[in-house]
>>> print(open('final-v2.cif').read())   # mmCIF, C-alpha atoms
data_run
#
loop_
_atom_site.label_atom_id
_atom_site.label_comp_id
_atom_site.auth_asym_id
_atom_site.auth_seq_id
_atom_site.Cartn_x
_atom_site.Cartn_y
_atom_site.Cartn_z
CA MET N 1 44.54 168.99 122.57
CA TYR N 2 45.54 168.19 119.00
CA LYS N 3 45.89 164.73 117.48
CA ILE N 4 49.06 164.46 115.39
CA LEU N 5 49.92 161.48 113.20
CA ILE N 6 53.53 160.98 112.05
CA ALA N 7 53.71 158.81 108.91
CA ASP N 8 57.12 157.70 107.64
CA ASP N 9 58.43 154.30 106.54
CA GLU N 10 61.88 155.00 108.05
CA ALA N 11 61.95 154.14 111.76
CA MET N 12 64.70 156.66 112.59
CA GLU N 13 62.85 159.50 110.86
CA ARG N 14 59.64 158.64 112.75
CA GLU N 15 61.55 158.63 116.04
CA VAL N 16 63.21 161.99 115.32
CA LEU N 17 59.88 163.66 114.51
CA THR N 18 58.07 161.98 117.40
CA ASP N 19 60.73 163.17 119.85
CA LEU N 20 60.68 166.69 118.40
CA VAL N 21 56.88 167.00 118.60
CA ALA N 22 56.74 165.45 122.07
CA ARG N 23 59.35 167.88 123.43
CA ARG N 24 58.17 171.08 121.76
CA PHE N 25 54.41 170.48 122.05
CA GLU N 26 54.45 168.50 125.32
CA HIS N 27 51.01 169.38 126.71
CA GLU N 28 49.33 170.27 123.43
CA VAL N 29 49.26 167.04 121.45
CA GLU N 30 48.58 163.32 121.32
CA ILE N 31 50.89 161.46 118.93
CA HIS N 32 50.33 158.35 116.84
CA THR N 33 52.66 156.92 114.19
CA ALA N 34 52.32 154.90 110.97
CA ASP N 35 55.06 153.17 108.98
CA ASN N 36 53.32 153.19 105.58
CA GLY N 37 50.68 155.07 103.60
CA ARG N 38 47.94 152.49 104.04
CA LYS N 39 48.37 152.52 107.82
CA ALA N 40 48.42 156.32 107.78
CA VAL N 41 45.02 156.38 106.06
CA ASP N 42 43.48 153.84 108.43
CA THR N 43 44.89 155.49 111.56
CA ALA N 44 43.89 159.00 110.51
CA LEU N 45 40.30 158.03 109.72
CA LEU N 46 39.86 155.84 112.81
CA TRP N 47 41.46 158.32 115.18
CA GLY N 48 40.07 161.55 113.69
CA THR N 49 43.52 163.06 113.23
CA ASP N 50 43.89 166.85 113.27
CA LEU N 51 47.33 167.01 111.61
CA ILE N 52 49.49 164.54 109.68
CA LEU N 53 53.24 164.90 109.23
CA MET N 54 53.43 162.83 106.05
CA ASP N 55 56.46 161.47 104.22
CA ILE N 56 55.87 161.51 100.45
CA GLU N 57 58.00 158.55 99.33
CA MET N 58 56.60 155.46 101.04
CA PRO N 59 56.16 151.97 99.56
CA GLY N 60 52.73 150.94 98.30
CA VAL N 61 50.48 153.95 98.96
CA ASN N 62 52.71 157.04 98.85
CA GLY N 63 52.16 160.14 100.95
CA LEU N 64 50.35 162.12 98.27
CA GLU N 65 47.89 159.29 97.62
CA ALA N 66 47.38 158.74 101.34
CA ALA N 67 46.73 162.46 101.91
CA ARG N 68 44.26 162.56 99.03
CA THR N 69 42.31 159.63 100.51
CA VAL N 70 42.28 161.06 104.04
CA LEU N 71 41.24 164.57 102.97
CA ALA N 72 38.37 163.20 100.87
CA GLN N 73 36.84 161.72 104.04
CA LEU N 74 38.31 164.03 106.69
CA PRO N 75 38.45 167.48 105.04
CA GLY N 76 39.27 169.25 108.30
CA CYS N 77 42.54 167.34 108.68
CA LYS N 78 45.74 169.27 107.89
CA VAL N 79 48.83 167.82 106.22
CA VAL N 80 52.47 168.88 106.37
CA PHE N 81 54.61 166.89 103.94
CA VAL N 82 58.06 165.87 105.15
CA THR N 83 60.36 164.52 102.45
CA ALA N 84 63.90 164.33 101.14
CA TYR N 85 62.62 164.82 97.61
CA GLY N 86 62.76 168.56 96.96
CA LEU N 87 61.34 168.34 93.46
CA PHE N 88 58.94 170.97 92.15
CA GLN N 89 56.34 168.46 91.00
CA TYR N 90 56.03 167.15 94.56
CA ALA N 91 55.72 170.63 96.01
CA TYR N 92 53.17 171.63 93.38
CA GLU N 93 51.05 168.53 93.99
CA ALA N 94 51.30 169.03 97.74
CA MET N 95 50.03 172.61 97.47
CA ARG N 96 47.27 171.52 95.07
CA LEU N 97 46.07 169.06 97.70
CA GLY N 98 45.92 171.91 100.23
CA ALA N 99 49.05 171.09 102.24
CA CYS N 100 49.78 173.37 105.21
CA GLY N 101 53.51 173.04 104.73
CA TYR N 102 56.34 171.27 102.96
CA ILE N 103 59.55 170.49 104.87
CA LEU N 104 62.68 168.91 103.46
CA LYS N 105 64.77 166.26 105.20
CA PRO N 106 67.02 166.34 107.08
CA VAL N 107 64.50 168.17 109.23
CA VAL N 108 65.66 171.38 110.91
CA PRO N 109 63.88 171.39 114.32
CA ASP N 110 63.01 175.11 114.35
CA GLU N 111 61.63 174.94 110.80
CA ALA N 112 59.58 171.86 111.65
CA GLU N 113 58.19 173.52 114.78
CA ALA N 114 57.26 176.64 112.80
CA ALA N 115 55.44 174.58 110.15
CA ILE N 116 53.54 172.62 112.79
CA ARG N 117 52.58 175.78 114.69
CA ARG N 118 51.23 177.34 111.46
CA ALA N 119 49.10 174.25 110.86
CA LEU N 120 47.83 174.20 114.45
CA ALA N 121 46.97 177.90 114.23
CA GLN N 122 44.87 177.16 111.16
CA ILE N 123 43.11 174.30 112.98
CA GLU N 124 42.43 176.57 115.97
CA ALA N 125 41.03 179.31 113.73
CA GLU N 126 38.65 176.83 112.11
CA ARG N 127 37.56 175.53 115.52
CA LYS N 128 36.73 179.09 116.61
CA LEU N 129 34.70 179.64 113.45
CA THR N 130 32.82 176.39 113.98
CA ALA N 131 32.10 177.24 117.62
CA LEU N 132 30.74 180.68 116.76
CA ALA N 133 28.59 179.54 113.84
CA PRO N 134 25.59 177.78 115.44
CA ALA N 135 24.57 180.63 117.75
CA ALA N 136 25.10 183.16 114.98
CA VAL N 137 23.06 181.26 112.41
CA GLU N 138 20.20 180.76 114.89
CA GLN N 139 19.98 184.47 115.58
CA THR N 140 16.86 185.82 113.86
CA ALA N 141 16.26 189.27 115.39
CA GLU N 142 16.44 192.27 113.09
CA GLU N 143 19.41 194.53 113.83
CA GLU N 144 20.18 198.18 113.19
CA ASP N 145 23.05 198.85 110.80
CA ASP N 146 25.12 200.73 113.36
CA GLY N 147 25.02 197.78 115.75
CA LEU N 148 25.69 194.94 113.35
CA LEU N 149 29.21 194.09 114.48
CA ASN N 150 28.01 193.66 118.08
CA THR N 151 25.75 190.76 117.12
CA GLN N 152 26.77 187.13 117.11
CA MET N 153 26.62 186.95 113.31
CA GLY N 154 28.66 190.14 113.07
CA GLN N 155 31.31 188.65 115.34
CA LEU N 156 31.34 185.48 113.25
CA MET N 157 31.83 187.42 110.00
CA ALA N 158 34.63 189.46 111.60
CA GLN N 159 36.25 186.14 112.58
CA VAL N 160 35.84 184.90 108.99
CA LYS N 161 37.57 188.06 107.77
CA LYS N 162 40.45 187.42 110.19
CA TYR N 163 40.60 183.80 109.02
CA LEU N 164 40.97 184.95 105.39
CA ARG N 165 43.80 187.34 106.32
CA GLU N 166 45.71 184.57 108.09
CA ASN N 167 45.06 181.75 105.59
CA TYR N 168 44.84 183.44 102.17
CA MET N 169 47.75 181.31 100.88
CA TYR N 170 45.68 178.13 101.09
CA GLU N 171 42.85 176.99 98.83
CA LEU N 172 39.92 179.06 100.13
CA SER N 173 36.48 179.62 98.67
CA LEU N 174 32.91 180.29 99.74
CA ASP N 175 32.39 176.52 99.54
CA SER N 176 35.36 175.59 101.75
CA VAL N 177 34.63 178.20 104.45
CA GLY N 178 30.90 177.42 104.25
CA ASP N 179 31.77 173.77 104.94
CA ILE N 180 33.66 174.78 108.10
CA LEU N 181 30.67 176.81 109.30
CA HIS N 182 28.04 174.30 108.10
CA ILE N 183 26.21 177.02 106.19
CA SER N 184 25.57 177.40 102.48
CA PRO N 185 28.05 179.39 100.34
CA ALA N 186 25.25 181.71 99.19
CA TYR N 187 24.25 182.48 102.81
CA LEU N 188 27.89 183.06 103.77
CA SER N 189 28.31 185.45 100.84
CA THR N 190 25.20 187.41 101.79
CA GLN N 191 26.10 187.69 105.48
CA PHE N 192 29.73 188.61 104.83
CA LYS N 193 28.69 191.52 102.61
CA LYS N 194 25.89 192.58 104.94
CA TYR N 195 28.08 192.82 108.01
CA LEU N 196 31.45 193.82 106.55
CA HIS N 197 30.29 195.86 103.55
CA VAL N 198 32.59 194.07 101.12
CA GLY N 199 32.17 190.89 99.09
CA PHE N 200 33.83 187.69 100.36
CA LEU N 201 35.70 187.05 97.09
CA ASP N 202 36.58 190.73 96.64
CA TYR N 203 38.11 190.81 100.11
CA LEU N 204 40.03 187.56 99.62
CA THR N 205 41.39 188.82 96.29
CA GLU N 206 42.44 192.12 97.86
CA VAL N 207 44.36 190.35 100.63
CA ARG N 208 46.07 188.03 98.14
CA ILE N 209 47.08 190.84 95.78
CA GLN N 210 48.51 192.91 98.65
CA ALA N 211 50.62 189.92 99.70
CA ALA N 212 51.71 189.38 96.09
CA CYS N 213 52.85 193.01 95.83
CA GLU N 214 55.24 192.46 98.73
CA LEU N 215 56.57 189.20 97.29
CA LEU N 216 57.12 190.71 93.84
CA THR N 217 59.67 193.15 95.24
CA ASP N 218 62.06 190.17 95.31
CA PRO N 219 63.52 190.17 91.75
CA LEU N 220 64.64 186.53 92.03
CA ARG N 221 61.21 185.11 92.85
CA PRO N 222 59.38 183.82 89.73
CA THR N 223 55.87 185.12 89.15
CA ALA N 224 54.49 181.55 89.07
CA GLU N 225 55.97 180.96 92.53
CA VAL N 226 54.40 184.17 93.84
CA ALA N 227 51.04 183.04 92.43
CA GLY N 228 51.26 179.74 94.34
CA MET N 229 52.37 181.46 97.54
CA VAL N 230 49.26 183.67 97.62
CA GLY N 231 46.76 180.94 96.81
CA TYR N 232 46.54 180.91 93.01
CA GLU N 233 47.10 177.55 91.33
CA ASP N 234 46.90 179.08 87.84
CA ALA N 235 49.61 181.70 87.18
CA SER N 236 47.70 183.12 84.20
CA TYR N 237 44.58 183.66 86.30
CA PHE N 238 46.73 185.28 88.97
CA ALA N 239 48.22 187.67 86.39
CA ARG N 240 44.74 188.70 85.23
CA ALA N 241 43.49 189.21 88.79
CA PHE N 242 46.63 191.20 89.65
CA LYS N 243 46.24 193.53 86.67
CA LYS N 244 42.55 194.05 87.38
CA LYS N 245 43.36 195.18 90.93
CA THR N 246 46.55 197.17 90.32
CA GLY N 247 46.34 198.21 86.67
CA LEU N 248 49.74 196.57 86.08
CA THR N 249 50.90 193.09 85.15
CA PRO N 250 53.09 191.39 87.79
CA THR N 251 56.14 192.03 85.58
CA GLN N 252 55.28 195.73 85.21
CA TYR N 253 54.70 196.03 88.95
CA ARG N 254 58.06 194.42 89.66
CA ARG N 255 59.81 196.92 87.34
CA GLU N 256 58.02 199.85 88.97
CA ALA N 257 58.94 198.60 92.43
CA ALA N 258 62.60 198.26 91.42
CA ARG N 259 62.58 201.78 89.94
CA ARG N 260 61.09 203.25 93.13
CA GLN N 261 63.69 201.45 95.23
CA LYS N 262 66.49 202.98 93.13
CA GLU N 263 65.00 206.47 93.51
CA ILE N 264 64.92 206.28 97.32
CA ALA N 265 68.26 204.52 97.70
CA PRO N 266 71.00 206.77 99.21
#
>>> encode(input="final-v2.cif", output="structure tokens")
Amino acid sequence: MYKILIADDEAMEREVLTDLVARRFEHEVEIHTADNGRKAVDTALLWGTDLILMDIEMPGVNGLEAARTVLAQLPGCKVVFVTAYGLFQYAYEAMRLGACGYILKPVVPDEAEAAIRRALAQIEAERKLTALAPAAVEQTAEEEDDGLLNTQMGQLMAQVKKYLRENYMYELSLDSVGDILHISPAYLSTQFKKYLHVGFLDYLTEVRIQAACELLTDPLRPTAEVAGMVGYEDASYFARAFKKKTGLTPTQYRREAARRQKEIAP
């Protein structure tokens, strides 16, 4: 069961979202509502909310400020921003805060459901990691290399790898995943490399660059947007990481991809 909080100062918008969530997630969720940012913060912290559907433009404490306050005290909570203000600065700030999604009003039911399901999938993945961690960390027996992945710690690291593949677009680091598992970043780094024979950050970078390569085949998608979509807040840092992995800048890769497409076109 997931606890979902719907925060919007407009009564009709709250009712629309509440009805949508209640119908499409009938046996999966408990729903609470808040009509302003201050109430959203108080309700989320008191209730231990798993997911907030948060309007950005609310009087007093706006949605971004409310999310920032909640996440500082409840880092496992996920936020999907729902707003009529489709401005880049809002989207950028939302992603910087670690938002799971950003939906524009008027809400399209299928799009809203998809965004909520992505957020719930992330919550479920983190719950699985947390459940696996204690037994794995307590395991002290020495293992043979050829049997590593059959151990509890090996299974946990394989689950971490899967988690990175499914959530690379969010703000991930040794610190953030270590927090989920309640183990130190240094220990996580050591165990990840021991069991999976690749560094945590190297693997995460590889997954992100592969995703970026696919996105860059769209000639209308700006490089800065691609950077944000694969988890890089700084477009310059993304460009350097991309070139280090591929030998090409994002612009050069895009040109090469376009040339290859022309060559194979009938």
>>> resolve_selection(input="final-v2.cif", expression="the PyMOL selection byres ((chain N and resi 156-165) around 8)", output="list in words")
Ala125, Glu126, Leu129, Leu132, Ala133, Ala136, Leu149, Gln152, Met153, Gly154, Gln155, Glu166, Asn167, Tyr168, Leu172, Gln191, Phe192, Tyr195, Leu196, Leu204 and Val207 of chain N
>>> closest_residue(input="final-v2.cif", among="N:Thr43, N:Glu13, N:Lys3, N:Phe200", to="His27 of chain N", atoms="all atoms listed in the file")
N:Lys3
>>> closest_atom_pairs(input="final-v2.cif", of="segment 22-47 of chain N", to="segment 113-117 of chain N", cutoff="12 Å", atoms="all atoms listed in the file", output="Markdown table")
| residue | atom | partner | partner_atom | distance |
| --- | --- | --- | --- | --- |
| N:Ala22 | CA | N:Glu113 | CA | 11.0 |
| N:Arg23 | CA | N:Glu113 | CA | 10.4 |
| N:Arg24 | CA | N:Glu113 | CA | 7.4 |
| N:Phe25 | CA | N:Glu113 | CA | 8.7 |
| N:Glu28 | CA | N:Arg117 | CA | 10.8 |
| N:Val29 | CA | N:Ile116 | CA | 11.2 |
>>> write_last_selection(input="final-v2.cif", atoms="C-alpha atoms", output="compact mmCIF listing (two decimals), keeping the file's coordinate frame")
# COMPACT_ATOMS: atom_id res chain seq x y z
CA ALA N 22 56.74 165.45 122.07
CA ARG N 23 59.35 167.88 123.43
CA ARG N 24 58.17 171.08 121.76
CA PHE N 25 54.41 170.48 122.05
CA GLU N 28 49.33 170.27 123.43
CA VAL N 29 49.26 167.04 121.45
>>> resolve_selection(input="final-v2.cif", expression="the PyMOL selection byres ((chain N and resi 4) around 8)", output="list in words")
Tyr2, Lys3, Leu5, Ile6, Val29, Glu30, Ile31, His32, Thr49, Asp50, Leu51, Ile52 and Leu53 of chain N
>>> closest_residue(input="final-v2.cif", among="N:Lys78, N:Arg221, N:Arg14, N:His182", to="Thr130 of chain N", atoms="all atoms listed in the file")
N:His182
>>> atom_distance(input="final-v2.cif", atom1="atom CA of Val21 of chain N", atom2="atom CA of Met1 of chain N")
13.1 Å
>>> axis_aligned_box(input="final-v2.cif", around="segment 170-182 of chain N", padding_each_side="3 Å", output="JSON")
{"center_x": 36.9, "center_y": 177.0, "center_z": 104.0, "size_x": 23.6, "size_y": 12.5, "size_z": 16.6}
>>> closest_residue(input="final-v2.cif", among="N:Asp202, N:Glu214, N:Glu111, N:Glu233", to="Pro250 of chain N", atoms="all atoms listed in the file")
N:Glu214
>>> residues_around(input="final-v2.cif", residues="Val107 of chain N", least_positions_apart="3", cutoff="9 Å", atoms="all atoms listed in the file", output="list in words")
Glu13, Val16, Leu17, Val82, Thr83, Ala84, Ile103, Leu104, Asp110, Glu111 and Ala112 of chain N
>>> resolve_selection(input="final-v2.cif", expression="the PyMOL selection byres ((chain N and resi 70) around 10)", output="list in words")
Ala40, Val41, Asp42, Thr43, Ala44, Leu45, Gly48, Thr49, Ile52, Leu64, Glu65, Ala66, Ala67, Arg68, Thr69, Leu71, Ala72, Gln73, Leu74, Pro75, Gly76, Cys77, Lys78 and Val79 of chain N
>>> atom_distance(input="final-v2.cif", atom1="atom CA of Val226 of chain N", atom2="atom CA of Lys245 of chain N")
15.9 Å
>>> residues_near_point(input="final-v2.cif", point="(48.6, 179.6, 100.5)", cutoff="10 Å", atoms="only C-alpha atoms", output="mmCIF file with C-alpha atoms, in the frame of the given file")
data_model
loop_
_atom_site.group_PDB
_atom_site.id
_atom_site.type_symbol
_atom_site.label_atom_id
_atom_site.label_comp_id
_atom_site.auth_asym_id
_atom_site.auth_seq_id
_atom_site.Cartn_x
_atom_site.Cartn_y
_atom_site.Cartn_z
ATOM 1 C CA MET N 95 50.030 172.610 97.470
ATOM 2 C CA ARG N 96 47.270 171.520 95.070
ATOM 3 C CA GLY N 98 45.920 171.910 100.230
ATOM 4 C CA ALA N 99 49.050 171.090 102.240
ATOM 5 C CA CYS N 100 49.780 173.370 105.210
ATOM 6 C CA GLY N 101 53.510 173.040 104.730
ATOM 7 C CA GLU N 166 45.710 184.570 108.090
ATOM 8 C CA ASN N 167 45.060 181.750 105.590
ATOM 9 C CA TYR N 168 44.840 183.440 102.170
ATOM 10 C CA MET N 169 47.750 181.310 100.880
ATOM 11 C CA TYR N 170 45.680 178.130 101.090
ATOM 12 C CA GLU N 171 42.850 176.990 98.830
ATOM 13 C CA LEU N 172 39.920 179.060 100.130
ATOM 14 C CA ARG N 208 46.070 188.030 98.140
ATOM 15 C CA VAL N 226 54.400 184.170 93.840
ATOM 16 C CA ALA N 227 51.040 183.040 92.430
ATOM 17 C CA GLY N 228 51.260 179.740 94.340
ATOM 18 C CA MET N 229 52.370 181.460 97.540
ATOM 19 C CA VAL N 230 49.260 183.670 97.620
ATOM 20 C CA GLY N 231 46.760 180.940 96.810
ATOM 21 C CA TYR N 232 46.540 180.910 93.010
ATOM 22 C CA GLU N 233 47.100 177.550 91.330
#
>>> atom_distance(input="final-v2.cif", atom1="atom CA of Lys193 of chain N", atom2="atom CA of Ile180 of chain N")
18.3 Å
>>> residues_around(input="final-v2.cif", residues="segment 246-249 of chain N", least_positions_apart="2", cutoff="12 Å", atoms="all atoms listed in the file", output="PyMOL selection string")
chain N and resi 205-206+209-210+212-213+216+223+235-244+251-257
